[in-house]
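What follows is the content of model.cif, which has mmCIF, C-alpha atoms:
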```
data_data
loop_
_atom_site.label_atom_id
_atom_site.label_comp_id
_atom_site.auth_asym_id
_atom_site.auth_seq_id
_atom_site.Cartn_x
_atom_site.Cartn_y
_atom_site.Cartn_z
CA MET A 1 -21.51 -55.33 48.76
CA LYS A 2 -23.43 -53.33 46.22
CA ASN A 3 -26.03 -52.45 48.85
CA ILE A 4 -23.31 -51.39 51.29
CA LYS A 5 -21.85 -49.00 48.69
CA LYS A 6 -25.29 -47.52 48.09
CA LEU A 7 -25.79 -47.14 51.82
CA ILE A 8 -22.43 -45.38 52.23
CA LEU A 9 -23.20 -43.11 49.26
CA GLY A 10 -26.61 -42.27 50.69
CA VAL A 11 -25.19 -41.42 54.09
CA GLY A 12 -22.59 -39.18 52.41
CA VAL A 13 -25.25 -37.30 50.47
CA LEU A 14 -27.35 -36.91 53.63
CA LEU A 15 -24.38 -35.54 55.57
CA PHE A 16 -23.63 -33.09 52.77
CA ILE A 17 -27.22 -31.84 52.75
CA MET A 18 -27.25 -31.50 56.54
CA THR A 19 -23.95 -29.60 56.49
CA SER A 20 -25.20 -27.28 53.75
CA CYS A 21 -28.42 -26.62 55.61
CA SER A 22 -26.52 -25.98 58.81
CA SER A 23 -24.25 -23.55 56.95
CA ASP A 24 -27.25 -21.73 55.47
CA GLU A 25 -28.95 -21.58 58.84
CA MET A 26 -25.84 -20.06 60.34
CA LYS A 27 -25.72 -17.56 57.51
CA TYR A 28 -29.38 -16.57 57.69
CA GLU A 29 -30.12 -17.26 61.33
CA PRO A 30 -31.96 -14.20 62.66
CA SER A 31 -31.05 -12.25 65.75
CA VAL A 32 -33.76 -10.75 67.91
CA VAL A 33 -33.75 -7.08 68.90
CA ARG A 34 -34.84 -7.53 72.50
CA ASP A 35 -33.67 -4.60 74.58
CA TYR A 36 -34.45 -1.13 73.29
CA ALA A 37 -35.85 2.13 74.60
CA LEU A 38 -37.29 5.26 73.02
CA GLN A 39 -37.04 8.77 74.40
CA LEU A 40 -38.62 12.04 73.32
CA ASN A 41 -36.37 15.01 74.06
CA GLY A 42 -34.69 13.06 76.83
CA ASN A 43 -37.87 11.72 78.44
CA THR A 44 -39.08 8.13 78.26
CA TRP A 45 -41.59 7.71 75.44
CA ASN A 46 -43.85 4.77 74.70
CA ILE A 47 -46.81 4.26 72.42
CA ASN A 48 -50.01 2.80 73.79
CA VAL A 49 -50.83 -0.84 73.14
CA GLY A 50 -53.23 -1.15 70.22
CA ILE A 51 -51.90 1.86 68.33
CA SER A 52 -50.55 0.94 64.90
CA THR A 53 -47.84 3.62 64.86
CA ARG A 54 -44.45 2.18 63.91
CA PRO A 55 -41.80 4.62 65.12
CA ILE A 56 -38.64 2.62 64.28
CA PHE A 57 -37.03 2.80 60.85
CA ILE A 58 -34.17 0.48 59.90
CA TYR A 59 -31.66 0.92 57.10
CA LYS A 60 -28.93 -1.36 55.85
CA ASP A 61 -25.32 -0.42 56.52
CA ASN A 62 -25.07 1.17 53.06
CA GLY A 63 -28.12 3.36 53.75
CA ASP A 64 -30.69 1.40 51.77
CA TYR A 65 -34.13 1.37 53.37
CA PHE A 66 -34.87 -1.94 55.11
CA GLY A 67 -38.12 -1.65 57.07
CA ASN A 68 -40.45 0.05 59.53
CA TYR A 69 -41.20 -1.56 62.91
CA SER A 70 -43.39 -1.08 65.95
CA SER A 71 -41.78 -0.45 69.32
CA LEU A 72 -44.35 -2.62 71.07
CA TYR A 73 -42.78 -5.94 70.15
CA ARG A 74 -39.43 -7.64 69.79
CA PHE A 75 -38.42 -8.33 66.21
CA ALA A 76 -35.83 -10.45 64.42
CA LEU A 77 -33.34 -9.37 61.77
CA GLU A 78 -30.87 -11.34 59.70
CA LYS A 79 -27.32 -11.17 60.96
CA GLY A 80 -25.53 -8.01 59.85
CA SER A 81 -25.03 -4.30 60.50
CA TYR A 82 -27.90 -1.83 60.46
CA LYS A 83 -28.71 1.81 61.12
CA PHE A 84 -31.76 2.78 63.18
CA ILE A 85 -33.72 6.03 63.49
CA ALA A 86 -36.97 6.77 65.33
CA SER A 87 -39.78 9.33 65.31
CA ASP A 88 -42.96 9.81 67.30
CA ILE A 89 -44.61 11.13 64.11
CA PRO A 90 -43.35 8.56 61.58
CA ALA A 91 -45.94 9.16 58.85
CA GLU A 92 -44.98 12.83 58.67
CA MET A 93 -41.23 12.28 58.94
CA VAL A 94 -40.80 9.34 56.55
CA PRO A 95 -43.59 9.56 53.97
CA LEU A 96 -41.53 7.61 51.39
CA PRO A 97 -38.60 5.23 51.91
CA VAL A 98 -35.33 6.60 50.50
CA ASN A 99 -31.66 5.86 51.03
CA LEU A 100 -30.61 7.22 54.41
CA ASN A 101 -27.73 9.16 52.84
CA ASP A 102 -30.22 11.08 50.66
CA PHE A 103 -32.81 11.61 53.40
CA VAL A 104 -33.50 15.34 53.90
CA VAL A 105 -36.57 16.69 55.70
CA PRO A 106 -37.51 20.04 54.12
CA GLN A 107 -38.70 23.12 55.95
CA SER A 108 -42.49 23.10 55.79
CA VAL A 109 -43.62 25.82 53.38
CA ASN A 110 -46.60 26.43 55.65
CA ALA A 111 -44.41 26.48 58.79
CA ASP A 112 -46.81 24.09 60.49
CA GLN A 113 -44.84 20.85 60.85
CA LYS A 114 -42.50 19.80 63.64
CA VAL A 115 -39.42 17.76 62.77
CA ASN A 116 -38.96 15.02 65.38
CA LEU A 117 -36.19 12.53 64.62
CA SER A 118 -33.52 10.69 66.55
CA ALA A 119 -29.90 10.56 65.55
CA VAL A 120 -28.84 7.59 63.43
CA VAL A 121 -27.86 4.73 65.74
CA PRO A 122 -25.62 1.96 64.30
CA TYR A 123 -26.62 -1.48 65.55
CA ALA A 124 -25.14 -4.86 64.63
CA THR A 125 -25.80 -8.48 65.49
CA PRO A 126 -25.89 -10.23 67.88
CA PHE A 127 -27.80 -7.21 69.30
CA GLU A 128 -26.57 -7.75 72.83
CA GLU A 129 -26.34 -4.11 73.93
CA LYS A 130 -29.36 -2.00 74.74
CA LEU A 131 -30.52 0.15 71.82
CA THR A 132 -31.56 3.65 72.93
CA MET A 133 -32.99 6.18 70.48
CA ASN A 134 -33.65 9.72 71.70
CA ILE A 135 -36.11 11.49 69.42
CA LEU A 136 -35.23 15.18 69.31
CA THR A 137 -37.37 18.07 68.13
CA ARG A 138 -35.27 19.85 65.52
CA THR A 139 -37.73 22.74 65.17
CA GLY A 140 -39.06 25.47 67.42
CA THR A 141 -42.03 27.81 67.42
CA LEU A 142 -42.01 31.52 66.59
CA ARG A 143 -45.13 32.99 68.23
CA LEU A 144 -46.29 36.48 67.26
CA LYS A 145 -48.85 38.26 69.47
CA SER A 146 -50.27 41.74 69.16
CA LYS A 147 -50.69 43.92 72.24
CA ASP A 148 -52.98 46.42 70.50
CA ILE A 149 -56.00 47.76 72.33
CA VAL A 150 -56.98 50.17 69.52
CA ALA A 151 -58.20 48.67 66.26
CA ASP A 152 -57.19 49.81 62.77
CA PRO A 153 -60.13 49.36 60.37
CA GLY A 154 -57.91 50.11 57.37
CA TYR A 155 -57.00 46.47 56.74
CA ALA A 156 -58.71 43.08 56.82
CA VAL A 157 -55.84 40.65 56.24
CA ILE A 158 -52.48 40.31 57.96
CA LYS A 159 -49.79 38.54 55.93
CA THR A 160 -46.68 37.63 57.90
CA THR A 161 -43.51 36.46 56.17
CA VAL A 162 -40.68 34.86 58.12
CA SER A 163 -37.25 34.63 56.48
CA VAL A 164 -35.13 31.63 57.52
CA LYS A 165 -31.55 30.57 56.83
CA ARG A 166 -32.11 26.81 57.03
CA ASN A 167 -34.36 24.99 54.60
CA GLY A 168 -33.78 21.33 55.44
CA TYR A 169 -32.52 18.78 57.93
CA LYS A 170 -30.16 15.99 56.82
CA VAL A 171 -30.92 12.90 58.84
CA SER A 172 -27.74 10.89 58.25
CA ASP A 173 -25.43 13.33 60.07
CA GLU A 174 -27.82 15.60 62.01
CA THR A 175 -26.90 18.69 60.01
CA PHE A 176 -29.06 21.45 58.55
CA VAL A 177 -29.19 22.46 54.92
CA LYS A 178 -28.32 26.13 54.61
CA GLY A 179 -30.29 28.28 52.21
CA ASP A 180 -32.44 31.39 52.33
CA MET A 181 -36.16 30.68 52.35
CA THR A 182 -39.36 32.46 53.28
CA VAL A 183 -42.49 31.01 54.87
CA SER A 184 -45.65 33.08 55.03
CA ARG A 185 -49.22 32.98 56.20
CA SER A 186 -52.21 35.25 55.74
CA LYS A 187 -54.87 35.65 58.43
CA LYS A 188 -58.12 37.52 58.23
CA THR A 189 -58.89 39.94 61.03
CA THR A 190 -62.26 41.40 61.95
CA THR A 191 -60.81 43.24 64.94
CA GLY A 192 -58.35 45.52 63.18
CA GLY A 193 -55.37 43.59 64.53
CA ILE A 194 -56.52 43.23 68.15
CA ASN A 195 -55.74 39.74 69.52
CA TYR A 196 -53.65 38.79 66.48
CA LEU A 197 -51.80 35.55 67.21
CA ASP A 198 -49.88 33.25 64.89
CA ASP A 199 -47.35 30.44 65.27
CA PHE A 200 -44.60 29.53 62.80
CA ILE A 201 -42.69 26.27 63.18
CA VAL A 202 -39.17 26.57 61.77
CA PHE A 203 -35.80 24.89 62.24
CA GLN A 204 -33.75 25.70 65.33
CA THR A 205 -31.15 28.37 64.61
CA ASP A 206 -28.27 27.43 66.98
CA GLU A 207 -26.30 30.59 66.16
CA ALA A 208 -27.05 34.25 65.45
CA ALA A 209 -26.19 33.96 61.75
CA ASN A 210 -29.23 31.69 61.33
CA ASN A 211 -31.74 33.86 63.22
CA VAL A 212 -35.09 34.60 61.56
CA THR A 213 -36.49 37.96 60.47
CA ILE A 214 -40.12 39.10 60.17
CA ARG A 215 -42.06 41.25 57.70
CA ILE A 216 -45.78 42.06 57.99
CA GLU A 217 -48.08 43.21 55.20
CA PHE A 218 -51.47 44.79 55.94
CA MET A 219 -54.00 44.17 53.16
CA THR A 220 -57.57 44.89 52.25
CA ALA A 221 -60.10 42.08 51.80
CA ASP A 222 -59.13 42.16 48.10
CA LEU A 223 -55.50 41.53 49.10
CA VAL A 224 -54.32 45.01 48.16
CA VAL A 225 -51.33 45.94 50.32
CA VAL A 226 -52.08 49.00 52.44
CA LYS A 227 -48.79 49.16 54.31
CA THR A 228 -45.79 47.05 55.24
CA LYS A 229 -43.84 46.81 58.48
CA GLU A 230 -40.79 44.92 59.69
CA ILE A 231 -39.89 43.91 63.21
CA GLU A 232 -36.45 45.24 63.97
CA GLY A 233 -33.68 42.72 64.51
CA SER A 234 -33.49 38.95 64.13
CA PHE A 235 -34.60 36.22 66.49
CA PRO A 236 -33.27 32.84 67.68
CA ILE A 237 -35.33 29.67 67.56
CA LEU A 238 -34.62 26.88 70.05
CA GLY A 239 -35.28 23.22 69.34
CA ASN A 240 -38.53 22.25 71.09
CA GLY A 241 -38.77 25.85 72.34
CA VAL A 242 -41.03 28.88 71.89
CA THR A 243 -39.80 32.33 70.93
CA ASN A 244 -42.65 34.69 71.76
CA ILE A 245 -42.77 38.28 70.48
CA ASP A 246 -45.35 40.72 71.88
CA PHE A 247 -45.73 43.95 69.89
CA ASN A 248 -48.20 46.52 68.58
CA LEU A 249 -49.38 46.18 65.01
CA ASN A 250 -51.15 49.54 64.86
CA ASP A 251 -48.72 52.10 66.23
CA PRO A 252 -48.78 54.95 63.67
CA ASP A 253 -45.71 55.94 61.65
CA THR A 254 -43.73 52.83 62.55
CA PRO A 255 -42.53 51.09 59.36
CA ILE A 256 -39.94 49.46 61.63
CA ILE A 257 -41.41 47.98 64.81
CA LYS A 258 -38.88 48.58 67.57
CA ASP A 259 -41.08 48.38 70.66
CA TYR A 260 -41.53 44.70 71.45
CA VAL A 261 -40.87 42.11 74.14
CA VAL A 262 -39.18 38.79 73.39
CA THR A 263 -39.73 35.80 75.68
CA ILE A 264 -37.93 32.52 75.04
CA ASN A 265 -39.24 29.49 76.89
CA GLY A 266 -40.80 31.79 79.47
CA VAL A 267 -37.71 33.92 80.04
CA VAL A 268 -37.90 37.60 79.05
CA GLN A 269 -34.94 38.62 76.89
CA THR A 270 -33.08 41.90 77.02
CA LYS A 271 -32.27 43.70 73.80
#
```
Is it possible to give me this structure as structure tokens?
Amino acid sequence: MKNIKKLILGVGVLLFIMTSCSSDEMKYEPSVVRDYALQLNGNTWNINVGISTRPIFIYKDNGDYFGNYSSLYRFALEKGSYKFIASDIPAEMVPLPVNLNDFVVPQSVNADQKVNLSAVVPYATPFEEKLTMNILTRTGTLRLKSKDIVADPGYAVIKTTVSVKRNGYKVSDETFVKGDMTVSRSKKTTTGGINYLDDFIVFQTDEAANNVTIRIEFMTADLVVVKTKEIEGSFPILGNGVTNIDFNLNDPDTPIIKDYVVTINGVVQTK
């Protein structure tokens, strides 16, 4: 009888342990993210096998950083709700993990960095629907080109300053941080301005109030300003686009440059 009681007690304990384990397994059982696709500006995008780039970033539902994953393989997550973003240049876009709600990508002070990020995509277990993340370029290129055929030996450095109205991109809601900012670059010239060419990568403007303006300083080799000019008007920047301005640097007596041609994505604009 005593042995029977022990046997019954042992079976009860075993059933309790099995039930507890089963409950824990149900609680922590992972779900596999199987079906997902990445796009870059609306076009299918894949990384090559063997490349260690991990373009997928996952955050918890409250915005806390969770992890960084490759798009080459399926991966498992604990049951729950998550938020996904993606970038084809992850090291540049997410240099440090922060809460998604505080994640702002600043305008590059050197105007030399694209901002390529998808919208935030909510995704919850059991991960049955296809997960699609479209990485969008949130910046465009301002390209300045001189048409001069006559050199001006009076300067050796061209400093161009571009004034912008947006100084950051907030990832959580796809909005831009408004604020006046200038980005500038100096380039040496041995041709007196002939064949001057420079690109500035800045945030897309979307509306006229956010258009960029341009000021040019002409300096000696010792960085003494000889003269200053501005290009008349303001200019739109399209996401993943190029705003090209052809103009003369060396026309005399032109503190305001009014004679120029603007081409946006290959289409000549009318003033």
Using all atoms listed in the file, I'd like a table of the residues in stretch 169-226 of chain A that come within 7 Å of stretch 100-118 of chain A; for each, show the closest atom pair and its distance in Å rounded to one decimal, ordered by chain and ascending number, as a tab-separated table.
```
residue	atom	partner	partner_atom	distance
A:Tyr169	CA	A:Val105	CA	5.1
A:Lys170	CA	A:Val104	CA	4.5
A:Val171	CA	A:Phe103	CA	5.9
A:Ser172	CA	A:Asn101	CA	5.7
A:Val183	CA	A:Val109	CA	5.5
A:Ser184	CA	A:Asn110	CA	6.7
A:Phe200	CA	A:Ala111	CA	5.0
A:Ile201	CA	A:Ala111	CA	4.7
A:Val202	CA	A:Ala111	CA	6.0
```
For the atom pair atom CA of A:Arg74 and atom CA of A:Gly42, what is the interatomic distance in Å to one decimal place? 22.4 Å
Taking only C-alpha atoms into account, name the residue in A:Val33, A:Val262, A:Val98, A:Val150 that is nearest to A:Tyr69. A:Val33
Find the spatial neighbours of A:Phe247, counting only C-alpha atoms, within a cut-off of 9 Å - ignore same-chain residues fewer than 3 positions away - and output them as a list in words.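 Residues near the query, excluding close chain neighbours: Leu144, Lys145, Ser146, Lys147, Asp148, Ile231, Ile257, Lys258, Asp259, Tyr260 and Val261 of chain A.
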Tell me which protein, DNA and RNA residues are within 9 Å of A:Val164, counting all atoms listed in the file, leaving out same-chain ones fewer than 5 positions away, and put them as a PyMOL selection string. chain A and resi 179-183+202-203+205+210-213
Applying 6 Å and only C-alpha atoms, which residues near stretch 121-125 of chain A remain after dropping the ones on its own chain fewer than 3 positions away? List them as a list in words.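 Once the nearby chain positions are removed, what remains is Lys79, Gly80, Ser81, Tyr82, Lys83 and Phe84 of chain A.
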Measure the distance from atom CA of A:Asn240 to atom CA of A:Asp35 in Å and round it to one decimal.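 Atom CA of A:Asn240 sits 27.5 Å away from atom CA of A:Asp35.
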Pick the closest to A:Asn134 from A:Ala221, A:Leu197, A:Ile237, A:Val120: which is it, counting all atoms listed in the file?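 Smallest separation from A:Asn134 among the options: A:Val120.
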For atom CA of A:Asn250 and atom CA of A:Ala151, determine how far apart the two atoms are, in Å to one decimal place.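 Straight-line distance from atom CA of A:Asn250 to atom CA of A:Ala151 works out to 7.2 Å.
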Do you know which residues the PyMOL selection byres ((chain A and resi 34) around 12) returns on this file, as a CSV table (one decimal) with C-alpha atoms, keeping the file's coordinate frame?
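Saved as expr-v7.csv:
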```
chain,number,residue,atom,x,y,z
A,31,SER,CA,-31.0,-12.2,65.8
A,32,VAL,CA,-33.8,-10.8,67.9
A,33,VAL,CA,-33.8,-7.1,68.9
A,35,ASP,CA,-33.7,-4.6,74.6
A,36,TYR,CA,-34.4,-1.1,73.3
A,37,ALA,CA,-35.8,2.1,74.6
A,71,SER,CA,-41.8,-0.4,69.3
A,72,LEU,CA,-44.4,-2.6,71.1
A,73,TYR,CA,-42.8,-5.9,70.2
A,74,ARG,CA,-39.4,-7.6,69.8
A,75,PHE,CA,-38.4,-8.3,66.2
A,76,ALA,CA,-35.8,-10.4,64.4
A,77,LEU,CA,-33.3,-9.4,61.8
A,125,THR,CA,-25.8,-8.5,65.5
A,126,PRO,CA,-25.9,-10.2,67.9
A,127,PHE,CA,-27.8,-7.2,69.3
A,128,GLU,CA,-26.6,-7.8,72.8
A,129,GLU,CA,-26.3,-4.1,73.9
A,130,LYS,CA,-29.4,-2.0,74.7
A,131,LEU,CA,-30.5,0.2,71.8
A,132,THR,CA,-31.6,3.6,72.9
```
From the options A:Phe218, A:Asp199, A:Gln204, A:Arg166, which residue's atoms come nearest to A:Gly154, counting all atoms listed in the file?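 Of the candidates, the smallest distance to A:Gly154 is held by A:Phe218.
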With a distance cut-off of 7 Å and all atoms listed in the file, select the neighbouring residues of A:Thr228, excluding the residue or stretch itself and same-chain residues fewer than 5 positions from it, and output the selection as a PyMOL selection string. chain A and resi 216-218+255
Hey, can you pull every residue with an atom no more than 6 Å from (-38.8, 2.4, 57.8), using all atoms listed in the file, and send it as a ChimeraX atom specification? /A:57-58,67-68
